[in-house]
Amino acid sequence: MCLASSIYLGHIIDNSNADDADIQRKVSNLFVRTNILMRKFSNCSADVKIVLFKAYCICLYDVALWKHYNFGSLNKLRASYNRCIKMFFGFRRWDSLTNILMTLGLYRVSTLLL
């Protein structure tokens with residue numbers, strides 16, 4: 001059985017009524033945007049990077065539409081958000097995420113998804 005999907009107003013809609021494909025698209029967009037920012041603005045100050053990251057990477061406008069998804073898909077979004085923050089701001093993999101978010105003044109994914 002072939003599941004047809006289409007994009008309507010930036011949200012992926014498929015026959016199964018699941019939002020996993022849209023969550024995966026958000027994960028891909030997050031990495032693409034973070035890589036663009038890293039390439040073009042790696043030498044900027046932390047304040048400029050925070051404004052850029054908030055403007056270009058935290059674009060979660062249609063998350064209120066997510067109703068049917070696997071918990072693993074949401075975990076991938078959370079992990080990719082955390083990884084992008086650490087990559088863009090130059091933190092190491094094992095640094096405390098809570099400390100990083102408090103230092104930068106950014107929000108957790110769970111706060112953004114409310």
# chains A, B, ... in the order shown; residues from 1 in each chain; ligands from 1
call {"tool": "residues_around", "arguments": {"residues": "region 66-82 of chain A", "least_positions_apart": "4", "cutoff": "6 Å", "atoms": "only C-alpha atoms", "output": "list in words"}}
result
Ala18, Asp19, Asp20, Val27 and Val109 of chain A
call {"tool": "write_last_selection", "arguments": {"atoms": "C-alpha atoms", "output": "PDB file, in the first residue's frame"}}
result
ATOM      1  CA  ALA A  18       0.664  10.487  11.402  1.00  0.00           C
ATOM      2  CA  ASP A  19       2.953  13.455  11.895  1.00  0.00           C
ATOM      3  CA  ASP A  20       6.245  11.552  11.872  1.00  0.00           C
ATOM      4  CA  VAL A  27      14.828  17.675  12.056  1.00  0.00           C
ATOM      5  CA  VAL A 109      12.541  21.627  23.254  1.00  0.00           C
TER       6      VAL A 109
END
call {"tool": "closest_atom_pairs", "arguments": {"of": "region 19-55 of chain A", "to": "region 97-103 of chain A", "cutoff": "12 Å", "atoms": "only C-alpha atoms", "output": "tab-separated table"}}
result
residue	atom	partner	partner_atom	distance
A:Ala46	CA	A:Thr103	CA	10.3
A:Asp47	CA	A:Thr103	CA	11.0
A:Ile50	CA	A:Thr103	CA	10.7
call {"tool": "write_last_selection", "arguments": {"atoms": "C-alpha atoms", "output": "PDB file, in the first residue's frame"}}
result
ATOM      1  CA  ALA A  46      27.834  34.677  21.113  1.00  0.00           C
ATOM      2  CA  ASP A  47      25.161  37.380  21.300  1.00  0.00           C
ATOM      3  CA  ILE A  50      21.953  33.584  19.820  1.00  0.00           C
TER       4      ILE A  50
END
call {"tool": "closest_residue", "arguments": {"among": "A:Phe89, A:Leu113, A:Ile36, A:Leu65", "to": "Tyr8 (chain A)", "atoms": "only C-alpha atoms"}}
result
A:Leu65
call {"tool": "residues_around", "arguments": {"residues": "Val32 (chain A)", "least_positions_apart": "3", "cutoff": "12 Å", "atoms": "only C-alpha atoms", "output": "PDB file with N, CA and C atoms, in the first residue's frame"}}
result
ATOM      1  N   ARG A  25      10.978  16.179   8.807  1.00  0.00           N
ATOM      2  CA  ARG A  25      11.287  17.344   7.985  1.00  0.00           C
ATOM      3  C   ARG A  25      11.825  18.478   8.861  1.00  0.00           C
ATOM      4  N   LYS A  26      11.267  18.647  10.050  1.00  0.00           N
ATOM      5  CA  LYS A  26      11.759  19.664  10.982  1.00  0.00           C
ATOM      6  C   LYS A  26      13.194  19.349  11.433  1.00  0.00           C
ATOM      7  N   VAL A  27      13.479  18.084  11.662  1.00  0.00           N
ATOM      8  CA  VAL A  27      14.828  17.675  12.056  1.00  0.00           C
ATOM      9  C   VAL A  27      15.816  17.991  10.931  1.00  0.00           C
ATOM     10  N   SER A  28      15.459  17.654   9.714  1.00  0.00           N
ATOM     11  CA  SER A  28      16.336  17.938   8.568  1.00  0.00           C
ATOM     12  C   SER A  28      16.554  19.429   8.394  1.00  0.00           C
ATOM     13  N   ASN A  29      15.472  20.204   8.492  1.00  0.00           N
ATOM     14  CA  ASN A  29      15.594  21.656   8.361  1.00  0.00           C
ATOM     15  C   ASN A  29      16.460  22.261   9.453  1.00  0.00           C
ATOM     16  N   ASN A  35      23.833  24.249   9.874  1.00  0.00           N
ATOM     17  CA  ASN A  35      25.053  24.171   9.072  1.00  0.00           C
ATOM     18  C   ASN A  35      25.287  25.437   8.270  1.00  0.00           C
ATOM     19  N   ILE A  36      24.235  26.035   7.753  1.00  0.00           N
ATOM     20  CA  ILE A  36      24.384  27.301   7.023  1.00  0.00           C
ATOM     21  C   ILE A  36      24.891  28.391   7.971  1.00  0.00           C
ATOM     22  N   LEU A  37      24.308  28.472   9.157  1.00  0.00           N
ATOM     23  CA  LEU A  37      24.752  29.466  10.124  1.00  0.00           C
ATOM     24  C   LEU A  37      26.192  29.226  10.558  1.00  0.00           C
ATOM     25  N   MET A  38      26.564  27.968  10.746  1.00  0.00           N
ATOM     26  CA  MET A  38      27.943  27.658  11.138  1.00  0.00           C
ATOM     27  C   MET A  38      28.930  28.073  10.056  1.00  0.00           C
ATOM     28  N   ARG A  39      28.558  27.855   8.813  1.00  0.00           N
ATOM     29  CA  ARG A  39      29.459  28.181   7.712  1.00  0.00           C
ATOM     30  C   ARG A  39      29.614  29.689   7.543  1.00  0.00           C
ATOM     31  N   TYR A  56      16.484  31.700  12.950  1.00  0.00           N
ATOM     32  CA  TYR A  56      16.516  30.783  11.814  1.00  0.00           C
ATOM     33  C   TYR A  56      16.360  29.311  12.169  1.00  0.00           C
ATOM     34  N   CYS A  57      16.675  28.930  13.365  1.00  0.00           N
ATOM     35  CA  CYS A  57      16.645  27.499  13.693  1.00  0.00           C
ATOM     36  C   CYS A  57      15.442  27.098  14.543  1.00  0.00           C
ATOM     37  N   SER A  80      18.307  16.279  18.109  1.00  0.00           N
ATOM     38  CA  SER A  80      18.911  17.099  17.053  1.00  0.00           C
ATOM     39  C   SER A  80      18.978  18.564  17.473  1.00  0.00           C
ATOM     40  N   TYR A  81      17.978  19.060  18.173  1.00  0.00           N
ATOM     41  CA  TYR A  81      18.002  20.424  18.691  1.00  0.00           C
ATOM     42  C   TYR A  81      19.178  20.606  19.649  1.00  0.00           C
ATOM     43  N   CYS A  84      22.483  20.496  17.678  1.00  0.00           N
ATOM     44  CA  CYS A  84      22.714  21.709  16.892  1.00  0.00           C
ATOM     45  C   CYS A  84      23.167  22.865  17.774  1.00  0.00           C
ATOM     46  N   PHE A  88      26.750  24.595  17.047  1.00  0.00           N
ATOM     47  CA  PHE A  88      26.787  25.985  16.602  1.00  0.00           C
ATOM     48  C   PHE A  88      27.534  26.878  17.583  1.00  0.00           C
TER      49      PHE A  88
END
call {"tool": "select_by_dssp", "arguments": {"residues": "chain A", "states": "helix (DSSP H, G or I)", "output": "ChimeraX atom specification"}}
result
/A:20-41,46-56,63-65,71-89,97-104,109-112
call {"tool": "write_last_selection", "arguments": {"atoms": "C-alpha atoms", "output": "CSV table (one decimal), in the first residue's frame"}}
result
chain,number,residue,atom,x,y,z
A,20,ASP,CA,6.2,11.6,11.9
A,21,ALA,CA,7.1,12.7,8.4
A,22,ASP,CA,6.6,16.4,9.4
A,23,ILE,CA,8.8,15.9,12.5
A,24,GLN,CA,11.5,14.4,10.3
A,25,ARG,CA,11.3,17.3,8.0
A,26,LYS,CA,11.8,19.7,11.0
A,27,VAL,CA,14.8,17.7,12.1
A,28,SER,CA,16.3,17.9,8.6
A,29,ASN,CA,15.6,21.7,8.4
A,30,LEU,CA,17.2,22.2,11.8
A,31,PHE,CA,20.4,20.6,10.7
A,32,VAL,CA,20.4,22.4,7.3
A,33,ARG,CA,19.9,25.8,8.9
A,34,THR,CA,22.4,25.2,11.6
A,35,ASN,CA,25.1,24.2,9.1
A,36,ILE,CA,24.4,27.3,7.0
A,37,LEU,CA,24.8,29.5,10.1
A,38,MET,CA,27.9,27.7,11.1
A,39,ARG,CA,29.5,28.2,7.7
A,40,LYS,CA,28.6,31.9,7.4
A,41,PHE,CA,28.7,33.2,11.0
A,46,ALA,CA,27.8,34.7,21.1
A,47,ASP,CA,25.2,37.4,21.3
A,48,VAL,CA,24.9,37.6,17.5
A,49,LYS,CA,24.8,33.7,17.3
A,50,ILE,CA,22.0,33.6,19.8
A,51,VAL,CA,19.8,36.0,17.8
A,52,LEU,CA,20.6,34.1,14.6
A,53,PHE,CA,19.8,30.7,16.1
A,54,LYS,CA,16.5,32.0,17.5
A,55,ALA,CA,15.5,33.5,14.2
A,56,TYR,CA,16.5,30.8,11.8
A,63,VAL,CA,4.0,22.0,16.1
A,64,ALA,CA,0.5,22.6,17.5
A,65,LEU,CA,-0.9,20.5,14.7
A,71,PHE,CA,7.6,9.1,20.7
A,72,GLY,CA,10.8,8.2,19.0
A,73,SER,CA,10.3,10.9,16.4
A,74,LEU,CA,9.9,13.5,19.1
A,75,ASN,CA,13.1,12.2,20.8
A,76,LYS,CA,14.9,12.6,17.4
A,77,LEU,CA,13.8,16.3,17.3
A,78,ARG,CA,14.9,16.8,20.9
A,79,ALA,CA,18.3,15.2,20.3
A,80,SER,CA,18.9,17.1,17.1
A,81,TYR,CA,18.0,20.4,18.7
A,82,ASN,CA,20.4,19.7,21.5
A,83,ARG,CA,23.2,18.7,19.1
A,84,CYS,CA,22.7,21.7,16.9
A,85,ILE,CA,23.0,24.0,19.9
A,86,LYS,CA,26.3,22.4,21.0
A,87,MET,CA,27.7,22.4,17.4
A,88,PHE,CA,26.8,26.0,16.6
A,89,PHE,CA,28.0,27.5,19.9
A,97,LEU,CA,22.9,20.9,28.3
A,98,THR,CA,21.2,22.6,31.3
A,99,ASN,CA,24.3,24.8,31.9
A,100,ILE,CA,24.5,25.6,28.2
A,101,LEU,CA,20.8,26.6,27.9
A,102,MET,CA,21.1,28.8,31.1
A,103,THR,CA,24.3,30.5,29.8
A,104,LEU,CA,22.8,31.2,26.4
A,109,VAL,CA,12.5,21.6,23.3
A,110,SER,CA,9.8,20.7,25.7
A,111,THR,CA,9.2,24.4,26.3
A,112,LEU,CA,9.1,25.2,22.6
call {"tool": "select_by_dssp", "arguments": {"residues": "chain A", "states": "strand (DSSP E)", "output": "ChimeraX atom specification"}}
result
/A:5-8,11-14
